[in-house]
file structure04.pdb (PDB, C-alpha atoms and all ligand atoms)
ATOM      1  CA  MET B 673      61.385 149.539  88.089  1.00  0.00           C
ATOM      2  CA  ARG B 674      59.595 151.676  85.539  1.00  0.00           C
ATOM      3  CA  LYS B 675      56.992 149.838  83.498  1.00  0.00           C
ATOM      4  CA  GLU B 676      57.523 149.972  79.768  1.00  0.00           C
ATOM      5  CA  LYS B 677      54.761 151.769  77.916  1.00  0.00           C
ATOM      6  CA  ILE B 678      53.183 150.185  74.866  1.00  0.00           C
ATOM      7  CA  LEU B 679      50.878 152.097  72.551  1.00  0.00           C
ATOM      8  CA  ILE B 680      48.314 149.917  70.769  1.00  0.00           C
ATOM      9  CA  ILE B 681      46.995 151.509  67.582  1.00  0.00           C
ATOM     10  CA  GLU B 682      43.939 149.484  66.645  1.00  0.00           C
ATOM     11  CA  ASP B 683      40.337 150.299  65.791  1.00  0.00           C
ATOM     12  CA  GLU B 684      38.729 147.029  66.878  1.00  0.00           C
ATOM     13  CA  GLN B 685      37.754 147.354  70.518  1.00  0.00           C
ATOM     14  CA  ASN B 686      37.796 143.605  71.200  1.00  0.00           C
ATOM     15  CA  ILE B 687      41.361 143.287  69.904  1.00  0.00           C
ATOM     16  CA  VAL B 688      42.425 146.281  72.000  1.00  0.00           C
ATOM     17  CA  SER B 689      40.887 144.705  75.129  1.00  0.00           C
ATOM     18  CA  PHE B 690      42.493 141.376  74.388  1.00  0.00           C
ATOM     19  CA  LEU B 691      45.943 142.898  73.809  1.00  0.00           C
ATOM     20  CA  THR B 692      45.607 145.170  76.834  1.00  0.00           C
ATOM     21  CA  THR B 693      44.871 142.191  79.076  1.00  0.00           C
ATOM     22  CA  ILE B 694      47.896 140.239  77.853  1.00  0.00           C
ATOM     23  CA  LEU B 695      50.263 143.171  78.013  1.00  0.00           C
ATOM     24  CA  ALA B 696      49.100 144.369  81.422  1.00  0.00           C
ATOM     25  CA  ALA B 697      49.459 140.830  82.772  1.00  0.00           C
ATOM     26  CA  ASN B 698      53.057 140.931  81.577  1.00  0.00           C
ATOM     27  CA  ASP B 699      53.803 144.146  83.392  1.00  0.00           C
ATOM     28  CA  TYR B 700      53.555 146.608  80.558  1.00  0.00           C
ATOM     29  CA  GLN B 701      51.722 149.880  80.826  1.00  0.00           C
ATOM     30  CA  VAL B 702      49.216 150.129  77.976  1.00  0.00           C
ATOM     31  CA  LEU B 703      47.938 153.082  75.967  1.00  0.00           C
ATOM     32  CA  SER B 704      45.584 152.804  73.055  1.00  0.00           C
ATOM     33  CA  ALA B 705      44.482 154.819  70.074  1.00  0.00           C
ATOM     34  CA  PHE B 706      41.561 153.959  67.806  1.00  0.00           C
ATOM     35  CA  ASN B 707      42.562 155.916  64.734  1.00  0.00           C
ATOM     36  CA  GLY B 708      45.654 157.323  63.069  1.00  0.00           C
ATOM     37  CA  LYS B 709      45.212 160.923  64.092  1.00  0.00           C
ATOM     38  CA  GLU B 710      44.769 160.039  67.751  1.00  0.00           C
ATOM     39  CA  ALA B 711      47.707 157.605  67.497  1.00  0.00           C
ATOM     40  CA  ILE B 712      50.113 160.256  66.246  1.00  0.00           C
ATOM     41  CA  SER B 713      49.042 162.642  68.962  1.00  0.00           C
ATOM     42  CA  ILE B 714      49.408 160.048  71.749  1.00  0.00           C
ATOM     43  CA  ALA B 715      52.752 158.860  70.364  1.00  0.00           C
ATOM     44  CA  ALA B 716      53.979 162.444  70.523  1.00  0.00           C
ATOM     45  CA  SER B 717      52.592 163.310  73.965  1.00  0.00           C
ATOM     46  CA  HIS B 718      53.228 160.039  75.838  1.00  0.00           C
ATOM     47  CA  ALA B 719      56.529 158.849  74.322  1.00  0.00           C
ATOM     48  CA  PRO B 720      55.703 155.128  74.374  1.00  0.00           C
ATOM     49  CA  ASP B 721      58.552 152.613  74.558  1.00  0.00           C
ATOM     50  CA  LEU B 722      56.988 150.548  71.798  1.00  0.00           C
ATOM     51  CA  ILE B 723      54.140 150.877  69.314  1.00  0.00           C
ATOM     52  CA  LEU B 724      51.886 148.115  67.956  1.00  0.00           C
ATOM     53  CA  LEU B 725      50.379 149.407  64.737  1.00  0.00           C
ATOM     54  CA  ASP B 726      47.372 147.912  62.978  1.00  0.00           C
ATOM     55  CA  LEU B 727      47.456 148.784  59.285  1.00  0.00           C
ATOM     56  CA  GLY B 728      43.701 148.975  58.713  1.00  0.00           C
ATOM     57  CA  LEU B 729      42.621 152.141  60.499  1.00  0.00           C
ATOM     58  CA  PRO B 730      39.395 154.051  59.881  1.00  0.00           C
ATOM     59  CA  ASP B 731      40.895 157.445  59.066  1.00  0.00           C
ATOM     60  CA  MET B 732      44.234 156.721  57.405  1.00  0.00           C
ATOM     61  CA  ASP B 733      46.497 153.969  56.180  1.00  0.00           C
ATOM     62  CA  GLY B 734      48.649 152.606  58.999  1.00  0.00           C
ATOM     63  CA  ALA B 735      51.679 153.077  56.746  1.00  0.00           C
ATOM     64  CA  LEU B 736      51.073 156.806  56.919  1.00  0.00           C
ATOM     65  CA  VAL B 737      51.112 156.663  60.713  1.00  0.00           C
ATOM     66  CA  LEU B 738      54.445 154.844  60.512  1.00  0.00           C
ATOM     67  CA  GLN B 739      55.815 157.445  58.144  1.00  0.00           C
ATOM     68  CA  GLN B 740      54.768 160.348  60.349  1.00  0.00           C
ATOM     69  CA  VAL B 741      55.952 158.770  63.592  1.00  0.00           C
ATOM     70  CA  ARG B 742      59.330 157.985  62.012  1.00  0.00           C
ATOM     71  CA  GLU B 743      59.856 161.667  61.261  1.00  0.00           C
ATOM     72  CA  TRP B 744      60.608 162.315  64.912  1.00  0.00           C
ATOM     73  CA  THR B 745      61.131 159.062  66.823  1.00  0.00           C
ATOM     74  CA  ASP B 746      62.933 155.739  66.517  1.00  0.00           C
ATOM     75  CA  THR B 747      60.624 154.079  69.070  1.00  0.00           C
ATOM     76  CA  PRO B 748      60.358 150.375  68.206  1.00  0.00           C
ATOM     77  CA  LEU B 749      57.263 149.792  66.097  1.00  0.00           C
ATOM     78  CA  ILE B 750      55.689 146.455  65.225  1.00  0.00           C
ATOM     79  CA  VAL B 751      53.183 146.360  62.399  1.00  0.00           C
ATOM     80  CA  VAL B 752      50.192 144.099  62.868  1.00  0.00           C
ATOM     81  CA  SER B 753      48.381 143.183  59.686  1.00  0.00           C
ATOM     82  CA  ALA B 754      45.645 140.846  58.602  1.00  0.00           C
ATOM     83  CA  ARG B 755      47.411 140.368  55.288  1.00  0.00           C
ATOM     84  CA  GLN B 756      50.332 138.076  54.599  1.00  0.00           C
ATOM     85  CA  ASP B 757      51.899 140.141  51.870  1.00  0.00           C
ATOM     86  CA  GLU B 758      55.654 139.995  51.322  1.00  0.00           C
ATOM     87  CA  GLN B 759      55.815 143.136  49.210  1.00  0.00           C
ATOM     88  CA  GLU B 760      54.014 145.121  51.852  1.00  0.00           C
ATOM     89  CA  LYS B 761      56.166 143.642  54.577  1.00  0.00           C
ATOM     90  CA  VAL B 762      59.317 144.702  52.730  1.00  0.00           C
ATOM     91  CA  ARG B 763      57.918 148.182  52.123  1.00  0.00           C
ATOM     92  CA  LEU B 764      57.012 148.719  55.782  1.00  0.00           C
ATOM     93  CA  LEU B 765      60.323 147.374  57.078  1.00  0.00           C
ATOM     94  CA  ASP B 766      62.131 149.670  54.667  1.00  0.00           C
ATOM     95  CA  MET B 767      59.987 152.554  55.948  1.00  0.00           C
ATOM     96  CA  GLY B 768      61.319 151.895  59.445  1.00  0.00           C
ATOM     97  CA  ALA B 769      59.002 149.315  60.997  1.00  0.00           C
ATOM     98  CA  ASN B 770      61.019 147.052  63.304  1.00  0.00           C
ATOM     99  CA  ASP B 771      58.904 143.978  62.810  1.00  0.00           C
ATOM    100  CA  TYR B 772      55.756 142.754  61.125  1.00  0.00           C
ATOM    101  CA  MET B 773      53.228 140.264  62.464  1.00  0.00           C
ATOM    102  CA  THR B 774      50.345 138.676  60.641  1.00  0.00           C
ATOM    103  CA  LYS B 775      47.034 138.093  62.424  1.00  0.00           C
ATOM    104  CA  PRO B 776      46.157 135.788  64.027  1.00  0.00           C
ATOM    105  CA  PHE B 777      49.162 135.288  66.294  1.00  0.00           C
ATOM    106  CA  GLY B 778      49.652 133.673  69.679  1.00  0.00           C
ATOM    107  CA  ASN B 779      50.338 135.530  72.927  1.00  0.00           C
ATOM    108  CA  SER B 780      53.786 134.067  73.377  1.00  0.00           C
ATOM    109  CA  GLU B 781      54.805 135.073  69.860  1.00  0.00           C
ATOM    110  CA  LEU B 782      53.577 138.607  70.460  1.00  0.00           C
ATOM    111  CA  LEU B 783      55.404 138.898  73.785  1.00  0.00           C
ATOM    112  CA  ALA B 784      58.608 137.461  72.313  1.00  0.00           C
ATOM    113  CA  ARG B 785      58.544 139.953  69.430  1.00  0.00           C
ATOM    114  CA  ILE B 786      57.957 142.828  71.839  1.00  0.00           C
ATOM    115  CA  ARG B 787      60.838 141.754  74.072  1.00  0.00           C
ATOM    116  CA  THR B 788      63.132 141.399  71.058  1.00  0.00           C
ATOM    117  CA  ALA B 789      62.232 144.840  69.705  1.00  0.00           C
ATOM    118  CA  LEU B 790      62.745 146.496  73.096  1.00  0.00           C
ATOM    119  CA  ARG B 791      66.056 144.729  73.673  1.00  0.00           C
ATOM    120  CA  GLN B 792      67.335 145.575  70.252  1.00  0.00           C
ATOM    121  CA  HIS B 793      66.418 149.213  70.748  1.00  0.00           C
ATOM    122  CA  THR B 794      68.273 149.323  74.070  1.00  0.00           C
ATOM    123  CA  ARG B 795      71.307 147.702  72.477  1.00  0.00           C
ATOM    124  CA  LEU B 796      71.419 150.325  69.727  1.00  0.00           C
ATOM    125  CA  LYS B 797      70.879 153.138  72.226  1.00  0.00           C
ATOM    126  CA  ASN B 798      73.833 151.879  74.230  1.00  0.00           C
ATOM    127  CA  GLY B 799      76.013 152.191  71.174  1.00  0.00           C
ATOM    128  CA  GLY B 800      75.520 148.701  69.743  1.00  0.00           C
ATOM    129  CA  ALA B 801      78.716 146.959  68.771  1.00  0.00           C
ATOM    130  CA  GLN B 802      81.645 148.877  70.175  1.00  0.00           C
ATOM    131  CA  PRO B 803      85.253 147.906  70.717  1.00  0.00           C
ATOM    132  CA  GLY B 804      85.410 145.912  73.903  1.00  0.00           C
ATOM    133  CA  ASN B 805      81.895 144.651  73.368  1.00  0.00           C
ATOM    134  CA  VAL B 806      81.147 141.057  72.701  1.00  0.00           C
ATOM    135  CA  PHE B 807      78.046 139.719  70.998  1.00  0.00           C
ATOM    136  CA  THR B 808      76.811 136.252  71.827  1.00  0.00           C
ATOM    137  CA  ALA B 809      73.898 134.195  70.581  1.00  0.00           C
ATOM    138  CA  ASN B 810      73.983 130.617  71.786  1.00  0.00           C
ATOM    139  CA  LEU B 811      77.385 129.289  70.661  1.00  0.00           C
ATOM    140  CA  LEU B 812      78.060 132.162  68.270  1.00  0.00           C
ATOM    141  CA  ARG B 813      80.393 134.806  69.669  1.00  0.00           C
ATOM    142  CA  ILE B 814      81.676 137.984  68.081  1.00  0.00           C
ATOM    143  CA  ASP B 815      84.632 139.742  69.667  1.00  0.00           C
ATOM    144  CA  TYR B 816      84.588 143.156  67.991  1.00  0.00           C
ATOM    145  CA  THR B 817      87.991 144.272  69.226  1.00  0.00           C
ATOM    146  CA  ARG B 818      89.770 141.209  67.905  1.00  0.00           C
ATOM    147  CA  ARG B 819      87.485 140.991  64.861  1.00  0.00           C
ATOM    148  CA  LEU B 820      87.073 137.376  65.816  1.00  0.00           C
ATOM    149  CA  ILE B 821      83.994 135.243  65.314  1.00  0.00           C
ATOM    150  CA  THR B 822      83.800 131.872  66.988  1.00  0.00           C
ATOM    151  CA  ILE B 823      81.311 129.044  67.087  1.00  0.00           C
ATOM    152  CA  ASP B 824      81.654 126.865  70.154  1.00  0.00           C
ATOM    153  CA  ASN B 825      85.083 128.481  70.723  1.00  0.00           C
ATOM    154  CA  GLN B 826      86.257 127.508  67.250  1.00  0.00           C
ATOM    155  CA  PRO B 827      87.376 130.468  65.089  1.00  0.00           C
ATOM    156  CA  VAL B 828      85.309 131.051  61.950  1.00  0.00           C
ATOM    157  CA  HIS B 829      87.217 132.358  58.950  1.00  0.00           C
ATOM    158  CA  LEU B 830      85.110 134.864  57.080  1.00  0.00           C
ATOM    159  CA  THR B 831      85.952 137.047  54.090  1.00  0.00           C
ATOM    160  CA  PRO B 832      85.813 140.817  54.766  1.00  0.00           C
ATOM    161  CA  ILE B 833      82.362 141.041  53.137  1.00  0.00           C
ATOM    162  CA  GLU B 834      81.053 138.066  55.104  1.00  0.00           C
ATOM    163  CA  TYR B 835      82.379 139.646  58.291  1.00  0.00           C
ATOM    164  CA  LYS B 836      80.635 142.939  57.479  1.00  0.00           C
ATOM    165  CA  LEU B 837      77.396 141.061  56.846  1.00  0.00           C
ATOM    166  CA  VAL B 838      77.529 139.227  60.153  1.00  0.00           C
ATOM    167  CA  ILE B 839      78.360 142.472  61.998  1.00  0.00           C
ATOM    168  CA  LEU B 840      75.407 144.217  60.359  1.00  0.00           C
ATOM    169  CA  LEU B 841      73.006 141.390  61.209  1.00  0.00           C
ATOM    170  CA  ALA B 842      74.339 141.226  64.775  1.00  0.00           C
ATOM    171  CA  LYS B 843      73.792 144.955  65.191  1.00  0.00           C
ATOM    172  CA  TYR B 844      70.108 144.321  64.534  1.00  0.00           C
ATOM    173  CA  ALA B 845      69.966 140.811  65.975  1.00  0.00           C
ATOM    174  CA  GLY B 846      66.430 139.530  66.320  1.00  0.00           C
ATOM    175  CA  MET B 847      65.165 141.854  63.586  1.00  0.00           C
ATOM    176  CA  VAL B 848      64.508 141.066  59.960  1.00  0.00           C
ATOM    177  CA  LEU B 849      66.673 143.120  57.615  1.00  0.00           C
ATOM    178  CA  THR B 850      65.339 143.389  54.073  1.00  0.00           C
ATOM    179  CA  HIS B 851      67.407 142.360  51.041  1.00  0.00           C
ATOM    180  CA  ASP B 852      67.633 145.946  49.832  1.00  0.00           C
ATOM    181  CA  TYR B 853      68.630 147.284  53.204  1.00  0.00           C
ATOM    182  CA  ILE B 854      71.463 144.781  53.509  1.00  0.00           C
ATOM    183  CA  LEU B 855      72.612 145.316  49.912  1.00  0.00           C
ATOM    184  CA  HIS B 856      72.737 149.078  50.370  1.00  0.00           C
ATOM    185  CA  GLU B 857      74.520 148.898  53.713  1.00  0.00           C
ATOM    186  CA  ILE B 858      77.205 146.508  52.470  1.00  0.00           C
ATOM    187  CA  TRP B 859      77.614 147.224  48.761  1.00  0.00           C
ATOM    188  CA  GLY B 860      76.376 150.805  48.511  1.00  0.00           C
ATOM    189  CA  PRO B 861      73.273 152.714  47.443  1.00  0.00           C
ATOM    190  CA  TYR B 862      73.084 151.299  43.915  1.00  0.00           C
ATOM    191  CA  ALA B 863      73.510 147.630  44.765  1.00  0.00           C
ATOM    192  CA  SER B 864      70.609 145.440  43.741  1.00  0.00           C
ATOM    193  CA  ASP B 865      72.124 142.012  43.148  1.00  0.00           C
ATOM    194  CA  ASN B 866      70.154 139.607  45.324  1.00  0.00           C
ATOM    195  CA  GLN B 867      72.206 136.729  43.959  1.00  0.00           C
ATOM    196  CA  LEU B 868      75.380 138.252  45.394  1.00  0.00           C
ATOM    197  CA  LEU B 869      73.690 138.468  48.766  1.00  0.00           C
ATOM    198  CA  ARG B 870      72.383 134.891  48.567  1.00  0.00           C
ATOM    199  CA  VAL B 871      75.823 133.509  47.719  1.00  0.00           C
ATOM    200  CA  ASN B 872      77.455 135.345  50.604  1.00  0.00           C
ATOM    201  CA  MET B 873      74.754 134.262  53.037  1.00  0.00           C
ATOM    202  CA  ALA B 874      75.120 130.654  51.894  1.00  0.00           C
ATOM    203  CA  ASN B 875      78.883 130.887  52.467  1.00  0.00           C
ATOM    204  CA  ILE B 876      78.398 132.330  55.949  1.00  0.00           C
ATOM    205  CA  ARG B 877      75.962 129.541  56.757  1.00  0.00           C
ATOM    206  CA  ARG B 878      78.442 126.913  55.640  1.00  0.00           C
ATOM    207  CA  LYS B 879      80.916 128.409  58.101  1.00  0.00           C
ATOM    208  CA  ILE B 880      78.726 129.061  61.137  1.00  0.00           C
ATOM    209  CA  GLU B 881      75.792 126.671  60.956  1.00  0.00           C
ATOM    210  CA  PRO B 882      76.043 123.119  62.321  1.00  0.00           C
ATOM    211  CA  ASN B 883      73.605 122.185  59.557  1.00  0.00           C
ATOM    212  CA  PRO B 884      73.460 124.851  56.808  1.00  0.00           C
ATOM    213  CA  ALA B 885      70.269 123.305  55.407  1.00  0.00           C
ATOM    214  CA  ASP B 886      68.510 123.902  58.707  1.00  0.00           C
ATOM    215  CA  PRO B 887      69.975 127.165  59.990  1.00  0.00           C
ATOM    216  CA  GLN B 888      69.824 128.013  63.680  1.00  0.00           C
ATOM    217  CA  TYR B 889      71.599 131.357  63.629  1.00  0.00           C
ATOM    218  CA  LEU B 890      71.129 133.034  60.273  1.00  0.00           C
ATOM    219  CA  LEU B 891      67.461 132.730  59.383  1.00  0.00           C
ATOM    220  CA  THR B 892      65.724 133.421  56.077  1.00  0.00           C
ATOM    221  CA  GLU B 893      62.491 135.346  55.995  1.00  0.00           C
ATOM    222  CA  VAL B 894      61.235 134.156  52.622  1.00  0.00           C
ATOM    223  CA  GLY B 895      60.753 136.970  50.131  1.00  0.00           C
ATOM    224  CA  VAL B 896      61.744 139.584  52.706  1.00  0.00           C
ATOM    225  CA  GLY B 897      65.255 139.240  54.055  1.00  0.00           C
ATOM    226  CA  TYR B 898      67.452 137.757  56.763  1.00  0.00           C
ATOM    227  CA  ARG B 899      67.589 137.742  60.523  1.00  0.00           C
ATOM    228  CA  LEU B 900      70.292 136.754  62.960  1.00  0.00           C
ATOM    229  CA  ILE B 901      68.909 135.343  66.192  1.00  0.00           C
ATOM    230  CA  ASP B 902      69.556 137.501  69.233  1.00  0.00           C
ATOM    231  CA  GLY B 903      70.471 134.658  71.526  1.00  0.00           C
ATOM    232  CA  THR B 904      67.462 134.688  73.762  1.00  0.00           C
ATOM    233  CA  GLU B 905      65.085 132.842  71.462  1.00  0.00           C
TER     234      GLU B 905
HETATM  235 CA    CA C1001      41.740 147.449  61.869  1.00  0.00          CA
END

call {"tool": "encode", "arguments": {"input": "structure04.pdb", "output": "structure tokens", "more": "lines below"}}
Ligand code: CA
result
Amino acid sequence: MRKEKILIIEDEQNIVSFLTTILAANDYQVLSAFNGKEAISIAASHAPDLILLDLGLPDMDGALVLQQVREWTDTPLIVVSARQDEQEKVRLLDMGANDYMTKPFGNSELLARIRTALRQHTRLKNGGAQPGNVFTANLLRIDYTRRLITIDNQPVHLTPIEYKLVILLAKYAGMVLTHDYILHEIWGPYASDNQLLRVNMANIRRKIEPNPADPQYLLTEVGVGYRLIDGTE
């Protein structure tokens, strides 16, 4: 089997060594770039399967690397930042980052996020939700052909908007979708009513969650957006 290639964009040599060791031990092939210019060139010439992008680079803002890379590839990209900043997180996700991690993070978290991003990318490449396809995450099941959602084999009755929301989240299961992204996808380019989104999400939770106050399927990323679990977490 072909090893998946991960490009680490990071200027601190000790972090690069550390990440390289973990990733190599988990059967990934590792490439690294120490600045933005080199990163863009390696991303173009080596077509990595996934990119880990540090935001603080010596020659340019990591966001600029993201922007340039997104002009020609949808390779999964995880931003790694030292800052816990919701605004920035939202901005980078809306620019096309697939995920965002704040330093320091544990090895297992890193590996889980990488697996999720790779899986999600494969799912989208294979056409995502198509008639005949079924999505499952634990006891949640979506039968796209029958437009039927069940929890533990019990049908869930959703409004058309709630159904569209669940379908959208399932398409990107495992990934955080920002409030604006969801609003625009469901209600159109001018939608900006977060309250409308919150109410619908609360209603979905009441219908699918065993305990809506402690959701297991539809998770909130505070200040950023929502994420449906992808069933392997
Ligand atoms: Ca750095």

call {"tool": "residues_near_ligand", "arguments": {"input": "structure04.pdb", "ligand": "ligand CA 1001 (chain C)", "cutoff": "9 Å", "atoms": "only C-alpha atoms and all ligand atoms", "output": "PyMOL selection string"}}
result
chain B and resi 681-684+706-707+726-730+753-754

call {"tool": "resolve_selection", "arguments": {"input": "structure04.pdb", "expression": "the PyMOL selection byres (((chain B and resi 692) around 10) and not hetatm)", "output": "MDAnalysis selection string"}}
result
chainID B and resid 678:680 686:691 693:698 700:704

call {"tool": "residues_near_point", "arguments": {"input": "structure04.pdb", "point": "(61.2, 147.3, 54.9)", "cutoff": "9 Å", "atoms": "only C-alpha atoms", "output": "PyMOL selection string"}}
result
chain B and resi 759-771+848-853+896

call {"tool": "atom_distance", "arguments": {"input": "structure04.pdb", "atom1": "CA of Asn866 in chain B", "atom2": "CA of Leu811 in chain B"}}
result
28.3 Å

call {"tool": "residues_around", "arguments": {"input": "structure04.pdb", "residues": "range 816-831 of chain B", "least_positions_apart": "6", "cutoff": "10 Å", "atoms": "only C-alpha atoms", "output": "PDB file with C-alpha atoms, keeping the file's coordinate frame"}}
result
ATOM      1  CA  ALA B 801      78.716 146.959  68.771  1.00  0.00           C
ATOM      2  CA  GLN B 802      81.645 148.877  70.175  1.00  0.00           C
ATOM      3  CA  PRO B 803      85.253 147.906  70.717  1.00  0.00           C
ATOM      4  CA  GLY B 804      85.410 145.912  73.903  1.00  0.00           C
ATOM      5  CA  ASN B 805      81.895 144.651  73.368  1.00  0.00           C
ATOM      6  CA  VAL B 806      81.147 141.057  72.701  1.00  0.00           C
ATOM      7  CA  PHE B 807      78.046 139.719  70.998  1.00  0.00           C
ATOM      8  CA  THR B 808      76.811 136.252  71.827  1.00  0.00           C
ATOM      9  CA  ALA B 809      73.898 134.195  70.581  1.00  0.00           C
ATOM     10  CA  ASN B 810      73.983 130.617  71.786  1.00  0.00           C
ATOM     11  CA  LEU B 837      77.396 141.061  56.846  1.00  0.00           C
ATOM     12  CA  VAL B 838      77.529 139.227  60.153  1.00  0.00           C
ATOM     13  CA  ILE B 839      78.360 142.472  61.998  1.00  0.00           C
ATOM     14  CA  ASN B 872      77.455 135.345  50.604  1.00  0.00           C
ATOM     15  CA  ASN B 875      78.883 130.887  52.467  1.00  0.00           C
ATOM     16  CA  ILE B 876      78.398 132.330  55.949  1.00  0.00           C
ATOM     17  CA  LYS B 879      80.916 128.409  58.101  1.00  0.00           C
ATOM     18  CA  ILE B 880      78.726 129.061  61.137  1.00  0.00           C
ATOM     19  CA  GLU B 881      75.792 126.671  60.956  1.00  0.00           C
ATOM     20  CA  PRO B 882      76.043 123.119  62.321  1.00  0.00           C
TER      21      PRO B 882
END

call {"tool": "resolve_selection", "arguments": {"input": "structure04.pdb", "expression": "the PyMOL selection byres (((chain B and resi 788-799) around 9) and not hetatm)", "output": "number ranges by chain"}}
result
B: 721-722, 746-750, 770-771, 783-787, 800-802, 843-847, 902, 904-905

call {"tool": "write_last_selection", "arguments": {"input": "structure04.pdb", "atoms": "C-alpha atoms", "output": "short mmCIF file (atom, residue, chain, number, x, y, z; two decimals), in the coordinates of the input"}}
result
data_model
loop_
_atom_site.label_atom_id
_atom_site.label_comp_id
_atom_site.auth_asym_id
_atom_site.auth_seq_id
_atom_site.Cartn_x
_atom_site.Cartn_y
_atom_site.Cartn_z
CA ASP B 721 58.55 152.61 74.56
CA LEU B 722 56.99 150.55 71.80
CA ASP B 746 62.93 155.74 66.52
CA THR B 747 60.62 154.08 69.07
CA PRO B 748 60.36 150.38 68.21
CA LEU B 749 57.26 149.79 66.10
CA ILE B 750 55.69 146.46 65.22
CA ASN B 770 61.02 147.05 63.30
CA ASP B 771 58.90 143.98 62.81
CA LEU B 783 55.40 138.90 73.78
CA ALA B 784 58.61 137.46 72.31
CA ARG B 785 58.54 139.95 69.43
CA ILE B 786 57.96 142.83 71.84
CA ARG B 787 60.84 141.75 74.07
CA GLY B 800 75.52 148.70 69.74
CA ALA B 801 78.72 146.96 68.77
CA GLN B 802 81.64 148.88 70.18
CA LYS B 843 73.79 144.96 65.19
CA TYR B 844 70.11 144.32 64.53
CA ALA B 845 69.97 140.81 65.97
CA GLY B 846 66.43 139.53 66.32
CA MET B 847 65.17 141.85 63.59
CA ASP B 902 69.56 137.50 69.23
CA THR B 904 67.46 134.69 73.76
CA GLU B 905 65.08 132.84 71.46
#

call {"tool": "atom_distance", "arguments": {"input": "structure04.pdb", "atom1": "CA of Thr745 in chain B", "atom2": "CA of Pro720 in chain B"}}
result
10.1 Å

call {"tool": "atom_distance", "arguments": {"input": "structure04.pdb", "atom1": "CA of Glu857 in chain B", "atom2": "CA of Val871 in chain B"}}
result
16.6 Å

call {"tool": "resolve_selection", "arguments": {"input": "structure04.pdb", "expression": "the PyMOL selection byres (((chain B and resi 900) around 6) and not hetatm)", "output": "ChimeraX atom specification"}}
result
/B:841,845-846,889-890,899,901

call {"tool": "closest_residue", "arguments": {"input": "structure04.pdb", "among": "B:Pro776, B:Asp757, B:Lys836, B:Tyr862", "to": "Val894 in chain B", "atoms": "only C-alpha atoms"}}
result
B:Asp757

call {"tool": "residues_near_point", "arguments": {"input": "structure04.pdb", "point": "(54.7, 159.3, 58.7)", "cutoff": "12 Å", "atoms": "all atoms listed in the file", "output": "ChimeraX atom specification"}}
result
/B:708-709,711-712,715,732-746,764,767-769

call {"tool": "write_last_selection", "arguments": {"input": "structure04.pdb", "atoms": "C-alpha atoms", "output": "PDB file, in the frame of the given file"}}
result
ATOM      1  CA  GLY B 708      45.654 157.323  63.069  1.00  0.00           C
ATOM      2  CA  LYS B 709      45.212 160.923  64.092  1.00  0.00           C
ATOM      3  CA  ALA B 711      47.707 157.605  67.497  1.00  0.00           C
ATOM      4  CA  ILE B 712      50.113 160.256  66.246  1.00  0.00           C
ATOM      5  CA  ALA B 715      52.752 158.860  70.364  1.00  0.00           C
ATOM      6  CA  MET B 732      44.234 156.721  57.405  1.00  0.00           C
ATOM      7  CA  ASP B 733      46.497 153.969  56.180  1.00  0.00           C
ATOM      8  CA  GLY B 734      48.649 152.606  58.999  1.00  0.00           C
ATOM      9  CA  ALA B 735      51.679 153.077  56.746  1.00  0.00           C
ATOM     10  CA  LEU B 736      51.073 156.806  56.919  1.00  0.00           C
ATOM     11  CA  VAL B 737      51.112 156.663  60.713  1.00  0.00           C
ATOM     12  CA  LEU B 738      54.445 154.844  60.512  1.00  0.00           C
ATOM     13  CA  GLN B 739      55.815 157.445  58.144  1.00  0.00           C
ATOM     14  CA  GLN B 740      54.768 160.348  60.349  1.00  0.00           C
ATOM     15  CA  VAL B 741      55.952 158.770  63.592  1.00  0.00           C
ATOM     16  CA  ARG B 742      59.330 157.985  62.012  1.00  0.00           C
ATOM     17  CA  GLU B 743      59.856 161.667  61.261  1.00  0.00           C
ATOM     18  CA  TRP B 744      60.608 162.315  64.912  1.00  0.00           C
ATOM     19  CA  THR B 745      61.131 159.062  66.823  1.00  0.00           C
ATOM     20  CA  ASP B 746      62.933 155.739  66.517  1.00  0.00           C
ATOM     21  CA  LEU B 764      57.012 148.719  55.782  1.00  0.00           C
ATOM     22  CA  MET B 767      59.987 152.554  55.948  1.00  0.00           C
ATOM     23  CA  GLY B 768      61.319 151.895  59.445  1.00  0.00           C
ATOM     24  CA  ALA B 769      59.002 149.315  60.997  1.00  0.00           C
TER      25      ALA B 769
END

call {"tool": "closest_residue", "arguments": {"input": "structure04.pdb", "among": "B:Ala719, B:Pro861, B:Ala705, B:Gly903", "to": "Arg813 in chain B", "atoms": "all atoms listed in the file"}}
result
B:Gly903
